[in-house]
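Heads up: the structure comes next, in structure tokens.
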Amino acid sequence: MVIAKKWIYAKAFSGYPTADNFRLEEETLGELKEDEFLAEAIFLSVDPYMRPYMLQYPVGSVMIGGQVAKVMESKNPKFPTGSYVHGNFGWRTHTVCTPSVGDRKPYVLPDFGKEPLSLGVGVLGMPGNTAYFGFLELCEPKEGETVVVSGAAGAVGSLVGQIAKIKGCTVIGITGTDEKCEWIKTIGFDHAINYKTADIREELKKMAPKGVDCYFDNVGGITTEIVRGRMNTFGRISVCGIISSYNEERAKVIDPQRDFVGKQLKQEGFVVSRWTARWMEGIEQNLKWIQEGKMKYRETITEGFENMPKAFIGMLKGENIGKAVVKV
């Protein structure tokens, strides 16, 4: 008999989440049936998308999210006992999974070599593929171009900036603290802007005197309005997220369409599951860049499953650098 712990969406979000939005419960899991396996969580992810996506779920649901887990028992030969998997099992310590059920299938992690398993929810998982496909496929960067990345010290933005450098671009990162600005410059960003203390518009005039060709947008809001104003004709914008509005009651953007016609911009939003059929391509390429020393990563790890809400709230407030991860 296995007792699973799980975090429940106990109260609908309004503004920033608080401890009252979550409730810890236990569940007794049944015996495995054919095709099923039992997974024990090792590392769990907390990500910005969870805040808006949970609004689609009824109160009382298990909090959504991905995790790296170990297969403790299996009746499915594709997921042997002792293997490590990634699964969208939610905020729970143990899961009985039927791989044939559901749209987002679990998968056995490839060999990461000397890199830690936690990267399966980071650079070698969903965030890494979000950066890889979302930037390269939609922005189509060219050598010599200028790229701006908002949310630049986060799990996705920090990787986008490094990929842009690999492709020969000048890269400007926008983030929220001086510490984060210094860090992104150590991993290759040419310039960094602290949006809380600097005038983004004036800084971009100095850092991108010839304008901006590509913008990878993680935040939306006034930051995006300012960056669009510096875009060159035929600039490309990849919209990954709008975290600036996730916890706000009212948006503060004047006219999101103002620059599109005159500058003939191309903007496209995306969800990374668009590239499910090519999933391992992104993981393998990011791993290769890490092994070659061309891509660096950083994790902010919170110890203890009981601290899932704390890690989630902290991530939404920008307390993490790089990927926010919870270690069970």
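Residue numbers start at 1 in each chain; chains themselves are named A, B, ... in the order of the structure tokens; ligands are numbered from 1 in the order shown.
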Residues of region 83-175 of chain A in alpha helix (DSSP H), written as a list in words: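 Reading the DSSP output for region 83-175 of chain A, alpha helix (DSSP H) covers Met126, Pro127, Gly128, Asn129, Thr130, Ala131, Tyr132, Phe133, Gly134, Phe135, Leu136, Glu137, Leu138, Cys139, Gly157, Ser158, Leu159, Val160, Gly161, Gln162, Ile163, Ala164, Lys165 and Ile166 of chain A.
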Would you list the contacts of Ala208 (chain A) as a PyMOL selection string, taking every protein, DNA or RNA residue within 10 Å and counting only C-alpha atoms, but skipping same-chain residues closer than 2 positions in sequence? chain A and resi 146-148+170-172+191+202-206+210-213+230-231
Those of region 116-270 of chain A in DSSP strand (DSSP E or B), formatted as a PyMOL selection string: chain A and resi 146-150+154+170-175+191-194+212-217+231-239+266-269
N, CA and C atoms of the current selection, written as an mmCIF file, in the first residue's frame:
```cif
data_model
loop_
_atom_site.group_PDB
_atom_site.id
_atom_site.type_symbol
_atom_site.label_atom_id
_atom_site.label_comp_id
_atom_site.auth_asym_id
_atom_site.auth_seq_id
_atom_site.Cartn_x
_atom_site.Cartn_y
_atom_site.Cartn_z
ATOM 1 N N THR A 146 19.862 41.919 -33.674
ATOM 2 C CA THR A 146 19.740 42.273 -32.270
ATOM 3 C C THR A 146 18.485 41.629 -31.696
ATOM 4 N N VAL A 147 18.664 40.928 -30.583
ATOM 5 C CA VAL A 147 17.584 40.182 -29.932
ATOM 6 C C VAL A 147 17.365 40.749 -28.533
ATOM 7 N N VAL A 148 16.104 40.953 -28.160
ATOM 8 C CA VAL A 148 15.753 41.346 -26.800
ATOM 9 C C VAL A 148 14.962 40.214 -26.167
ATOM 10 N N VAL A 149 15.283 39.900 -24.915
ATOM 11 C CA VAL A 149 14.601 38.850 -24.168
ATOM 12 C C VAL A 149 14.095 39.452 -22.862
ATOM 13 N N SER A 150 12.799 39.369 -22.623
ATOM 14 C CA SER A 150 12.270 39.773 -21.314
ATOM 15 C C SER A 150 12.178 38.539 -20.423
ATOM 16 N N GLY A 154 15.086 34.016 -16.136
ATOM 17 C CA GLY A 154 14.241 32.884 -15.794
ATOM 18 C C GLY A 154 14.649 31.607 -16.494
ATOM 19 N N THR A 170 23.455 39.855 -31.242
ATOM 20 C CA THR A 170 23.654 40.707 -30.074
ATOM 21 C C THR A 170 22.413 40.568 -29.202
ATOM 22 N N VAL A 171 22.610 40.348 -27.900
ATOM 23 C CA VAL A 171 21.478 39.996 -27.042
ATOM 24 C C VAL A 171 21.366 40.964 -25.861
ATOM 25 N N ILE A 172 20.148 41.471 -25.674
ATOM 26 C CA ILE A 172 19.821 42.360 -24.566
ATOM 27 C C ILE A 172 18.796 41.665 -23.686
ATOM 28 N N GLY A 173 19.075 41.549 -22.400
ATOM 29 C CA GLY A 173 18.149 40.917 -21.477
ATOM 30 C C GLY A 173 17.509 41.931 -20.547
ATOM 31 N N ILE A 174 16.230 41.749 -20.292
ATOM 32 C CA ILE A 174 15.501 42.602 -19.358
ATOM 33 C C ILE A 174 15.071 41.744 -18.184
ATOM 34 N N THR A 175 15.430 42.183 -16.968
ATOM 35 C CA THR A 175 15.114 41.402 -15.777
ATOM 36 C C THR A 175 14.924 42.341 -14.586
ATOM 37 N N HIS A 191 24.089 42.820 -23.019
ATOM 38 C CA HIS A 191 23.601 43.926 -22.206
ATOM 39 C C HIS A 191 22.473 43.426 -21.301
ATOM 40 N N ALA A 192 22.261 44.118 -20.194
ATOM 41 C CA ALA A 192 21.186 43.766 -19.270
ATOM 42 C C ALA A 192 20.535 45.042 -18.753
ATOM 43 N N ILE A 193 19.217 45.007 -18.615
ATOM 44 C CA ILE A 193 18.449 46.139 -18.127
ATOM 45 C C ILE A 193 17.634 45.704 -16.914
ATOM 46 N N ASN A 194 17.774 46.417 -15.819
ATOM 47 C CA ASN A 194 16.936 46.203 -14.641
ATOM 48 C C ASN A 194 15.701 47.078 -14.810
ATOM 49 N N VAL A 212 15.691 46.814 -32.934
ATOM 50 C CA VAL A 212 15.573 45.427 -32.478
ATOM 51 C C VAL A 212 14.954 44.576 -33.581
ATOM 52 N N ASP A 213 15.561 43.428 -33.836
ATOM 53 C CA ASP A 213 15.077 42.538 -34.899
ATOM 54 C C ASP A 213 14.178 41.425 -34.371
ATOM 55 N N CYS A 214 14.522 40.885 -33.194
ATOM 56 C CA CYS A 214 13.754 39.785 -32.619
ATOM 57 C C CYS A 214 13.476 40.075 -31.152
ATOM 58 N N TYR A 215 12.272 39.759 -30.736
ATOM 59 C CA TYR A 215 11.901 39.931 -29.319
ATOM 60 C C TYR A 215 11.253 38.654 -28.827
ATOM 61 N N PHE A 216 11.834 38.055 -27.794
ATOM 62 C CA PHE A 216 11.243 36.891 -27.148
ATOM 63 C C PHE A 216 10.566 37.378 -25.887
ATOM 64 N N ASP A 217 9.245 37.327 -25.897
ATOM 65 C CA ASP A 217 8.430 37.986 -24.881
ATOM 66 C C ASP A 217 7.917 37.003 -23.845
ATOM 67 N N MET A 231 11.296 48.122 -32.451
ATOM 68 C CA MET A 231 11.453 47.057 -33.437
ATOM 69 C C MET A 231 11.723 47.614 -34.827
ATOM 70 N N ASN A 232 12.565 46.911 -35.564
ATOM 71 C CA ASN A 232 12.826 47.251 -36.958
ATOM 72 C C ASN A 232 11.712 46.732 -37.857
ATOM 73 N N THR A 233 11.642 47.265 -39.062
ATOM 74 C CA THR A 233 10.689 46.759 -40.046
ATOM 75 C C THR A 233 10.925 45.269 -40.275
ATOM 76 N N PHE A 234 9.863 44.522 -40.330
ATOM 77 C CA PHE A 234 9.893 43.063 -40.491
ATOM 78 C C PHE A 234 10.501 42.346 -39.277
ATOM 79 N N GLY A 235 10.419 42.999 -38.107
ATOM 80 C CA GLY A 235 10.858 42.347 -36.879
ATOM 81 C C GLY A 235 9.942 41.183 -36.529
ATOM 82 N N ARG A 236 10.465 40.259 -35.727
ATOM 83 C CA ARG A 236 9.708 39.060 -35.339
ATOM 84 C C ARG A 236 9.606 38.970 -33.817
ATOM 85 N N ILE A 237 8.415 38.648 -33.344
ATOM 86 C CA ILE A 237 8.148 38.559 -31.915
ATOM 87 C C ILE A 237 7.576 37.182 -31.589
ATOM 88 N N SER A 238 8.199 36.502 -30.655
ATOM 89 C CA SER A 238 7.707 35.213 -30.178
ATOM 90 C C SER A 238 7.122 35.426 -28.788
ATOM 91 N N VAL A 239 5.832 35.165 -28.638
ATOM 92 C CA VAL A 239 5.162 35.411 -27.362
ATOM 93 C C VAL A 239 5.061 34.108 -26.585
ATOM 94 N N LYS A 266 5.879 40.757 -37.341
ATOM 95 C CA LYS A 266 5.295 39.422 -37.271
ATOM 96 C C LYS A 266 5.337 38.969 -35.818
ATOM 97 N N GLN A 267 4.174 38.680 -35.259
ATOM 98 C CA GLN A 267 4.101 38.218 -33.875
ATOM 99 C C GLN A 267 3.296 36.938 -33.814
ATOM 100 N N GLU A 268 3.799 35.982 -33.057
ATOM 101 C CA GLU A 268 3.091 34.703 -32.949
ATOM 102 C C GLU A 268 3.236 34.155 -31.539
ATOM 103 N N GLY A 269 2.122 33.786 -30.964
ATOM 104 C CA GLY A 269 2.145 33.100 -29.687
ATOM 105 C C GLY A 269 2.283 31.605 -29.900
#
```
Within 10 Å of Ile166 (chain A) using only C-alpha atoms, minus same-chain residues under 3 positions, as a PyMOL selection string: chain A and resi 143+160-163+169+188+289+294-295
Any chance you could export the current selection's all heavy atoms as a short mmCIF file (atom, residue, chain, number, x, y, z; two decimals), in the first residue's frame?
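Written output follows (result_27.cif):
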```cif
data_model
loop_
_atom_site.label_atom_id
_atom_site.label_comp_id
_atom_site.auth_asym_id
_atom_site.auth_seq_id
_atom_site.Cartn_x
_atom_site.Cartn_y
_atom_site.Cartn_z
N GLU A 143 22.41 35.83 -38.07
CA GLU A 143 23.66 36.35 -37.54
C GLU A 143 23.73 37.86 -37.71
O GLU A 143 23.39 38.39 -38.77
CB GLU A 143 24.85 35.68 -38.24
CG GLU A 143 26.19 36.06 -37.66
CD GLU A 143 27.34 35.29 -38.28
OE1 GLU A 143 27.08 34.43 -39.14
OE2 GLU A 143 28.50 35.55 -37.89
N VAL A 160 17.11 31.28 -23.96
CA VAL A 160 16.90 31.97 -25.24
C VAL A 160 18.08 32.88 -25.54
O VAL A 160 18.60 32.91 -26.66
CB VAL A 160 15.59 32.78 -25.21
CG1 VAL A 160 15.49 33.69 -26.44
CG2 VAL A 160 14.38 31.86 -25.16
N GLY A 161 18.52 33.64 -24.53
CA GLY A 161 19.65 34.54 -24.75
C GLY A 161 20.90 33.81 -25.18
O GLY A 161 21.64 34.27 -26.06
N GLN A 162 21.15 32.66 -24.58
CA GLN A 162 22.34 31.89 -24.95
C GLN A 162 22.22 31.28 -26.34
O GLN A 162 23.20 31.23 -27.09
CB GLN A 162 22.58 30.80 -23.90
CG GLN A 162 22.93 31.36 -22.53
CD GLN A 162 23.17 30.27 -21.51
OE1 GLN A 162 24.25 29.67 -21.45
NE2 GLN A 162 22.16 29.99 -20.70
N ILE A 163 21.04 30.83 -26.71
CA ILE A 163 20.84 30.31 -28.06
C ILE A 163 21.04 31.43 -29.08
O ILE A 163 21.64 31.22 -30.15
CB ILE A 163 19.43 29.68 -28.20
CG1 ILE A 163 19.32 28.44 -27.30
CG2 ILE A 163 19.15 29.30 -29.65
CD1 ILE A 163 17.92 27.87 -27.21
N CYS A 169 24.01 36.52 -32.60
CA CYS A 169 23.24 37.75 -32.40
C CYS A 169 23.79 38.58 -31.24
O CYS A 169 24.48 38.06 -30.36
CB CYS A 169 21.78 37.42 -32.10
SG CYS A 169 20.93 36.49 -33.42
N GLY A 188 26.62 35.22 -21.13
CA GLY A 188 26.75 35.60 -22.54
C GLY A 188 25.94 36.76 -23.03
O GLY A 188 26.18 37.25 -24.15
N TRP A 289 24.84 21.36 -26.42
CA TRP A 289 25.39 22.70 -26.15
C TRP A 289 25.94 22.80 -24.74
O TRP A 289 26.97 23.44 -24.52
CB TRP A 289 24.31 23.75 -26.39
CG TRP A 289 24.10 24.09 -27.84
CD1 TRP A 289 25.01 24.03 -28.84
CD2 TRP A 289 22.88 24.56 -28.44
NE1 TRP A 289 24.45 24.42 -30.04
CE2 TRP A 289 23.16 24.76 -29.82
CE3 TRP A 289 21.61 24.84 -27.95
CZ2 TRP A 289 22.19 25.23 -30.70
CZ3 TRP A 289 20.64 25.30 -28.83
CH2 TRP A 289 20.93 25.50 -30.20
N LYS A 294 28.69 25.65 -24.37
CA LYS A 294 28.05 26.80 -25.02
C LYS A 294 26.77 27.25 -24.30
O LYS A 294 26.26 28.33 -24.58
CB LYS A 294 27.70 26.45 -26.47
CG LYS A 294 28.92 26.18 -27.35
CD LYS A 294 28.49 25.80 -28.76
CE LYS A 294 29.70 25.55 -29.65
NZ LYS A 294 29.29 25.15 -31.03
N MET A 295 26.26 26.41 -23.41
CA MET A 295 25.04 26.75 -22.70
C MET A 295 25.23 26.44 -21.22
O MET A 295 25.67 25.35 -20.85
CB MET A 295 23.84 25.96 -23.25
CG MET A 295 22.52 26.22 -22.53
SD MET A 295 21.12 25.34 -23.28
CE MET A 295 20.78 26.38 -24.71
#
```
So which one's closest to His86 (chain A), A:Ala152, A:Leu44, A:Ile321, A:Met63? Using only C-alpha atoms, please.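 Checking each of A:Ala152, A:Leu44, A:Ile321, A:Met63 against His86 (chain A), counting only C-alpha atoms, the winner is A:Leu44.
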Please provide as a PyMOL selection string all residues within 7 Å of Gly229 (chain A), with the sequence filter that same-chain residues fewer than 3 positions apart are discarded (counting only C-alpha atoms). chain A and resi 225-226+259
Restricted to N, CA and C atoms, what would the selected residues look like written as a tab-separated table (two decimals), in the first residue's frame?
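Output saved as again-v1.tsv:
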```
chain	number	residue	atom	x	y	z
A	225	GLU	N	5.30	46.79	-24.81
A	225	GLU	CA	4.94	47.99	-25.57
A	225	GLU	C	6.18	48.82	-25.91
A	226	ILE	N	7.09	48.95	-24.94
A	226	ILE	CA	8.32	49.72	-25.17
A	226	ILE	C	9.22	49.04	-26.19
A	259	ASP	N	2.08	49.28	-33.22
A	259	ASP	CA	3.28	49.22	-34.05
A	259	ASP	C	3.22	48.20	-35.18
```
Show me, as a list of chain:residue names, the residues that have an atom within 8 Å of Val2 (chain A) when counting only C-alpha atoms, minus same-chain residues fewer than 6 positions from it.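 Using only C-alpha atoms, the neighbours found are A:Thr28, A:Leu29, A:Gly30, A:His94.
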Output file for the selection above: N, CA, C and O atoms, as a tab-separated table (two decimals), in the first residue's frame:
```tsv
chain	number	residue	atom	x	y	z
A	28	THR	N	-4.59	7.01	-0.74
A	28	THR	CA	-4.10	5.64	-0.80
A	28	THR	C	-4.23	5.12	-2.23
A	28	THR	O	-5.31	5.16	-2.81
A	29	LEU	N	-3.12	4.67	-2.80
A	29	LEU	CA	-3.12	4.18	-4.18
A	29	LEU	C	-3.41	2.69	-4.23
A	29	LEU	O	-2.99	1.93	-3.35
A	30	GLY	N	-4.11	2.27	-5.27
A	30	GLY	CA	-4.47	0.87	-5.43
A	30	GLY	C	-3.37	0.06	-6.10
A	30	GLY	O	-2.30	0.57	-6.44
A	94	HIS	N	3.46	10.52	-5.33
A	94	HIS	CA	3.38	9.20	-5.98
A	94	HIS	C	2.20	9.21	-6.95
A	94	HIS	O	1.16	9.81	-6.67
```
